[in-house]
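Content type mmCIF, C-alpha atoms, from the file input-v8.cif:
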```cif
data_run
#
loop_
_atom_site.label_atom_id
_atom_site.label_comp_id
_atom_site.auth_asym_id
_atom_site.auth_seq_id
_atom_site.Cartn_x
_atom_site.Cartn_y
_atom_site.Cartn_z
CA MET A 1 -16.45 -16.30 -19.76
CA VAL A 2 -14.74 -12.93 -19.95
CA ASP A 3 -13.20 -12.00 -23.29
CA LEU A 4 -9.75 -10.62 -22.45
CA THR A 5 -9.61 -8.44 -25.56
CA HIS A 6 -12.81 -6.76 -24.41
CA LEU A 7 -11.27 -6.26 -20.97
CA MET A 8 -8.19 -4.64 -22.50
CA GLU A 9 -10.45 -2.21 -24.37
CA ASN A 10 -12.15 -1.17 -21.11
CA GLU A 11 -10.56 2.21 -20.36
CA VAL A 12 -11.55 2.15 -16.70
CA PHE A 13 -10.04 -1.29 -16.21
CA MET A 14 -6.82 -0.21 -17.96
CA ALA A 15 -6.65 2.89 -15.75
CA PHE A 16 -7.18 0.67 -12.69
CA ALA A 17 -4.42 -1.68 -13.90
CA SER A 18 -2.05 1.28 -14.37
CA TYR A 19 -2.65 2.82 -10.94
CA THR A 20 -2.62 -0.59 -9.28
CA THR A 21 0.80 -1.25 -10.81
CA ILE A 22 2.07 2.02 -9.33
CA VAL A 23 0.74 1.35 -5.83
CA LEU A 24 1.89 -2.29 -5.81
CA SER A 25 5.37 -1.21 -6.95
CA LYS A 26 5.43 1.29 -4.08
CA MET A 27 4.41 -1.47 -1.68
CA MET A 28 7.18 -3.73 -3.04
CA PHE A 29 9.63 -0.88 -2.50
CA MET A 30 8.62 -0.79 1.17
CA SER A 31 9.68 -4.41 1.71
CA THR A 32 13.02 -3.61 0.09
CA ALA A 33 13.36 -0.51 2.27
CA THR A 34 12.68 -2.60 5.38
CA ALA A 35 15.39 -5.08 4.37
CA PHE A 36 17.79 -2.23 3.60
CA TYR A 37 17.30 -0.66 7.04
CA ARG A 38 17.63 -4.03 8.76
CA LEU A 39 20.93 -4.74 7.00
CA THR A 40 22.48 -1.29 7.31
CA ARG A 41 21.54 -0.96 10.97
CA LYS A 42 22.24 -4.65 11.72
CA VAL A 43 18.85 -5.14 13.34
CA PHE A 44 17.22 -8.54 12.94
CA ALA A 45 14.08 -10.24 14.21
CA ASN A 46 15.21 -13.87 13.88
CA PRO A 47 18.37 -15.60 15.17
CA GLU A 48 19.11 -17.22 11.81
CA ASP A 49 19.12 -13.80 10.12
CA CYS A 50 22.09 -12.59 12.14
CA ALA A 51 24.21 -15.76 11.77
CA THR A 52 26.39 -13.89 9.26
CA PHE A 53 27.59 -11.57 12.03
CA GLY A 54 28.52 -14.26 14.54
CA LYS A 55 27.17 -17.05 16.69
CA GLY A 56 25.86 -17.37 20.21
CA GLU A 57 26.13 -14.28 22.39
CA ILE A 58 27.69 -12.23 19.58
CA ALA A 59 24.68 -12.83 17.34
CA LYS A 60 22.21 -12.02 20.14
CA LYS A 61 23.22 -8.36 20.15
CA TYR A 62 21.71 -8.06 16.64
CA LEU A 63 18.34 -9.40 17.84
CA ARG A 64 16.83 -6.08 18.75
CA THR A 65 14.46 -3.40 17.58
CA ASP A 66 15.36 -0.08 16.02
CA ASP A 67 13.05 2.93 15.72
CA ARG A 68 13.90 3.53 12.05
CA VAL A 69 13.40 -0.11 11.06
CA GLU A 70 10.11 -0.24 12.95
CA ARG A 71 8.89 2.96 11.30
CA VAL A 72 9.51 1.56 7.80
CA ARG A 73 7.98 -1.78 8.79
CA ARG A 74 4.84 -0.10 10.17
CA ALA A 75 4.46 1.96 6.98
CA HIS A 76 4.68 -1.27 4.99
CA LEU A 77 2.08 -2.95 7.20
CA ASN A 78 -0.21 0.05 6.76
CA ASP A 79 0.16 -0.36 2.99
CA LEU A 80 -0.90 -3.99 3.27
CA GLU A 81 -3.96 -3.03 5.32
CA ASN A 82 -5.08 -0.41 2.80
CA ILE A 83 -3.91 -1.55 -0.61
CA VAL A 84 -5.45 -5.04 -0.43
CA PRO A 85 -9.02 -3.70 0.04
CA PHE A 86 -8.37 -1.16 -2.74
CA LEU A 87 -7.35 -3.99 -5.07
CA GLY A 88 -10.50 -6.02 -4.50
CA ILE A 89 -13.00 -3.19 -4.40
CA GLY A 90 -11.22 -1.28 -7.17
CA LEU A 91 -11.29 -4.30 -9.46
CA LEU A 92 -15.01 -4.83 -8.97
CA TYR A 93 -15.63 -1.10 -9.28
CA SER A 94 -13.63 -0.87 -12.52
CA LEU A 95 -15.69 -3.70 -14.00
CA SER A 96 -19.03 -2.08 -13.04
CA ALA A 97 -18.87 0.46 -15.89
CA PRO A 98 -18.30 3.63 -13.85
CA ASP A 99 -17.71 7.01 -15.48
CA LEU A 100 -14.08 7.14 -16.68
CA SER A 101 -13.26 10.55 -15.18
CA THR A 102 -14.79 9.61 -11.82
CA ALA A 103 -12.91 6.31 -11.75
CA ILE A 104 -9.59 7.96 -12.63
CA LEU A 105 -10.18 10.55 -9.90
CA HIS A 106 -10.69 7.71 -7.39
CA PHE A 107 -7.56 5.89 -8.55
CA ARG A 108 -5.37 9.01 -8.58
CA LEU A 109 -6.52 10.14 -5.16
CA PHE A 110 -5.84 6.72 -3.68
CA VAL A 111 -2.36 6.39 -5.18
CA GLY A 112 -1.47 9.97 -4.24
CA ALA A 113 -2.72 9.44 -0.69
CA ARG A 114 -0.69 6.25 -0.28
CA ILE A 115 2.50 7.86 -1.62
CA TYR A 116 2.00 10.90 0.61
CA HIS A 117 1.24 8.63 3.59
CA THR A 118 4.56 6.87 3.08
CA ILE A 119 6.44 10.15 2.83
CA ALA A 120 4.69 11.47 5.95
CA TYR A 121 5.51 8.24 7.81
CA LEU A 122 9.17 7.99 6.83
CA ILE A 123 10.31 11.63 7.13
CA PRO A 124 8.28 11.88 9.65
CA LEU A 125 5.95 14.80 9.05
CA PRO A 126 3.90 16.09 12.00
CA GLN A 127 0.34 14.92 12.41
CA PRO A 128 -2.26 15.33 10.98
CA ASN A 129 -0.33 14.77 7.69
CA ARG A 130 -0.25 10.99 7.94
CA ALA A 131 -3.78 10.75 9.31
CA LEU A 132 -5.20 12.91 6.51
CA ALA A 133 -3.45 10.77 3.89
CA PHE A 134 -4.75 7.60 5.53
CA PHE A 135 -8.33 8.86 5.72
CA LEU A 136 -8.26 10.13 2.14
CA GLY A 137 -7.17 6.72 0.82
CA TYR A 138 -9.64 4.93 3.07
CA GLY A 139 -12.41 7.28 1.99
CA VAL A 140 -11.65 6.65 -1.68
CA THR A 141 -12.01 2.89 -1.16
CA LEU A 142 -15.27 3.41 0.75
CA SER A 143 -16.53 5.69 -2.02
CA MET A 144 -15.85 3.03 -4.66
CA ALA A 145 -17.57 0.40 -2.50
CA TYR A 146 -20.61 2.64 -2.03
CA ARG A 147 -20.84 3.44 -5.75
CA LEU A 148 -20.44 -0.23 -6.61
CA LEU A 149 -23.17 -1.32 -4.22
CA ARG A 150 -25.45 1.53 -5.25
CA SER A 151 -25.16 0.80 -8.97
CA ARG A 152 -24.94 -3.00 -8.91
CA LEU A 153 -26.80 -4.02 -5.78
CA TYR A 154 -27.79 -7.69 -5.94
CA LEU A 155 -28.44 -8.40 -2.28
#
```
Using the file provided, produce a representation of the structure as structure tokens.
Amino acid sequence: MVDLTHLMENEVFMAFASYTTIVLSKMMFMSTATAFYRLTRKVFANPEDCATFGKGEIAKKYLRTDDRVERVRRAHLNDLENIVPFLGIGLLYSLSAPDLSTAILHFRLFVGARIYHTIAYLIPLPQPNRALAFFLGYGVTLSMAYRLLRSRLYL
């Protein structure tokens, strides 16, 4: 059984917990941003969501898509696709006793890449800005997976 006090003394794990909190908070912000854009632009995906604005044919005009809402929604979906693997691999990596400075570099690069990816998606910045941010974050997760498998390979 894992001793939680020992875990809290693990500097790499605490760094992982800190950067994970940042990236998860950013991801939570994206769901709020999606809701904000849906409400302010009166764009809804489900009939029951637009019941406040009327019934029948009146409500149907709010069942539509909007480029701005879709852009925020896609950025949020991209977060889900990239942050979830980072959480799993990063947790295992942080518990595998990596070098502290190397681990912090991985965590900082990932969080920075995800924040920049969101900025590049929402402004929008011209490509390859978003693609470079995506591949940097993806590469960081792959790097942690490789280091984890290389150092703790039990296949």
A:His106, A:Ile58, A:Pro47, A:Lys42 ranked by distance to Leu142 of chain A, top pick (using only C-alpha atoms)
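Selected residue with least distance to Leu142 of chain A: A:His106.
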Selected residue, from A:Tyr116, A:Phe36, A:Tyr62, A:Phe53, that lies nearest to Asp79 of chain A when counting only C-alpha atoms:
A:Tyr116
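Residue nearest Ala145 of chain A, chosen from A:Val43, A:Met14, A:Ala75, A:Leu92 and counting all atoms listed in the file: A:Leu92.
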A:Thr118, A:Thr52, A:Ser18, A:Thr102 ranked by distance to Val140 of chain A, top pick (using all atoms listed in the file):
A:Thr102
Selected by the PyMOL selection byres ((chain A and resi 85) around 12) in the shown coordinates: which residues, as a list in words?
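Evaluating the PyMOL selection byres ((chain A and resi 85) around 12) on this file yields Thr20, Asn78, Asp79, Leu80, Glu81, Asn82, Ile83, Val84, Phe86, Leu87, Gly88, Ile89, Gly90, Leu91, Leu92, Tyr93, Phe110, Gly137, Tyr138, Gly139, Val140, Thr141, Leu142, Met144 and Ala145 of chain A.
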Expressed in Å to a single decimal, how great is the separation between atom CA of Ile22 of chain A and atom CA of His117 of chain A?
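Atom CA of His117 of chain A lies 14.5 Å from atom CA of Ile22 of chain A.
Restricting the calculation to all atoms listed in the file, the smallest distance between Ala120 of chain A and any of A:Ala103, A:Leu132, A:Met28, A:Ala17 is found for A:Leu132.
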Close residues, Tyr19 of chain A itself excluded, 9 Å, all atoms listed in the file, min 5 positions apart in chain, as a PyMOL selection string:
chain A and resi 14+24+104+107-108+110-111
Just give me the gap between atom CA of Met27 of chain A and atom CA of His76 of chain A in Å, one decimal is fine.
6.7 Å
With distances taken over all atoms listed in the file, which residue among A:Ser96, A:Ser31, A:Thr65, A:Ser101 lies nearest Phe44 of chain A?
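Counting all atoms listed in the file, the residue closest to Phe44 of chain A is A:Thr65.
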For a test of reading the model, state the distance in Å between atom CA of Arg74 of chain A and atom CA of Asp49 of chain A, rounded to one decimal.
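About the pair atom CA of Arg74 of chain A and atom CA of Asp49 of chain A: they are 19.8 Å apart.
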Evaluate the PyMOL selection byres ((chain A and resi 97) around 10) here and jot the selected residues down as a VMD selection string.
chain A and resid 10 to 13 92 to 96 98 to 100 103 148 151 to 152
Take every atom of segment 36-47 of chain A listed in the file, fit an axis-aligned box around them, add 5 Å per side, and give the centre and edge lengths in Å to one decimal as AutoDock Vina command-line options.
```
--center_x 18.3 --center_y -8.1 --center_z 9.4 --size_x 18.4 --size_y 24.9 --size_z 21.6
```
Translate the PyMOL selection byres ((chain A and resi 66-70) around 8) into a concrete residue list for this structure, as an MDAnalysis selection string.
chainID A and resid 34 37:38 43 64:65 71:74
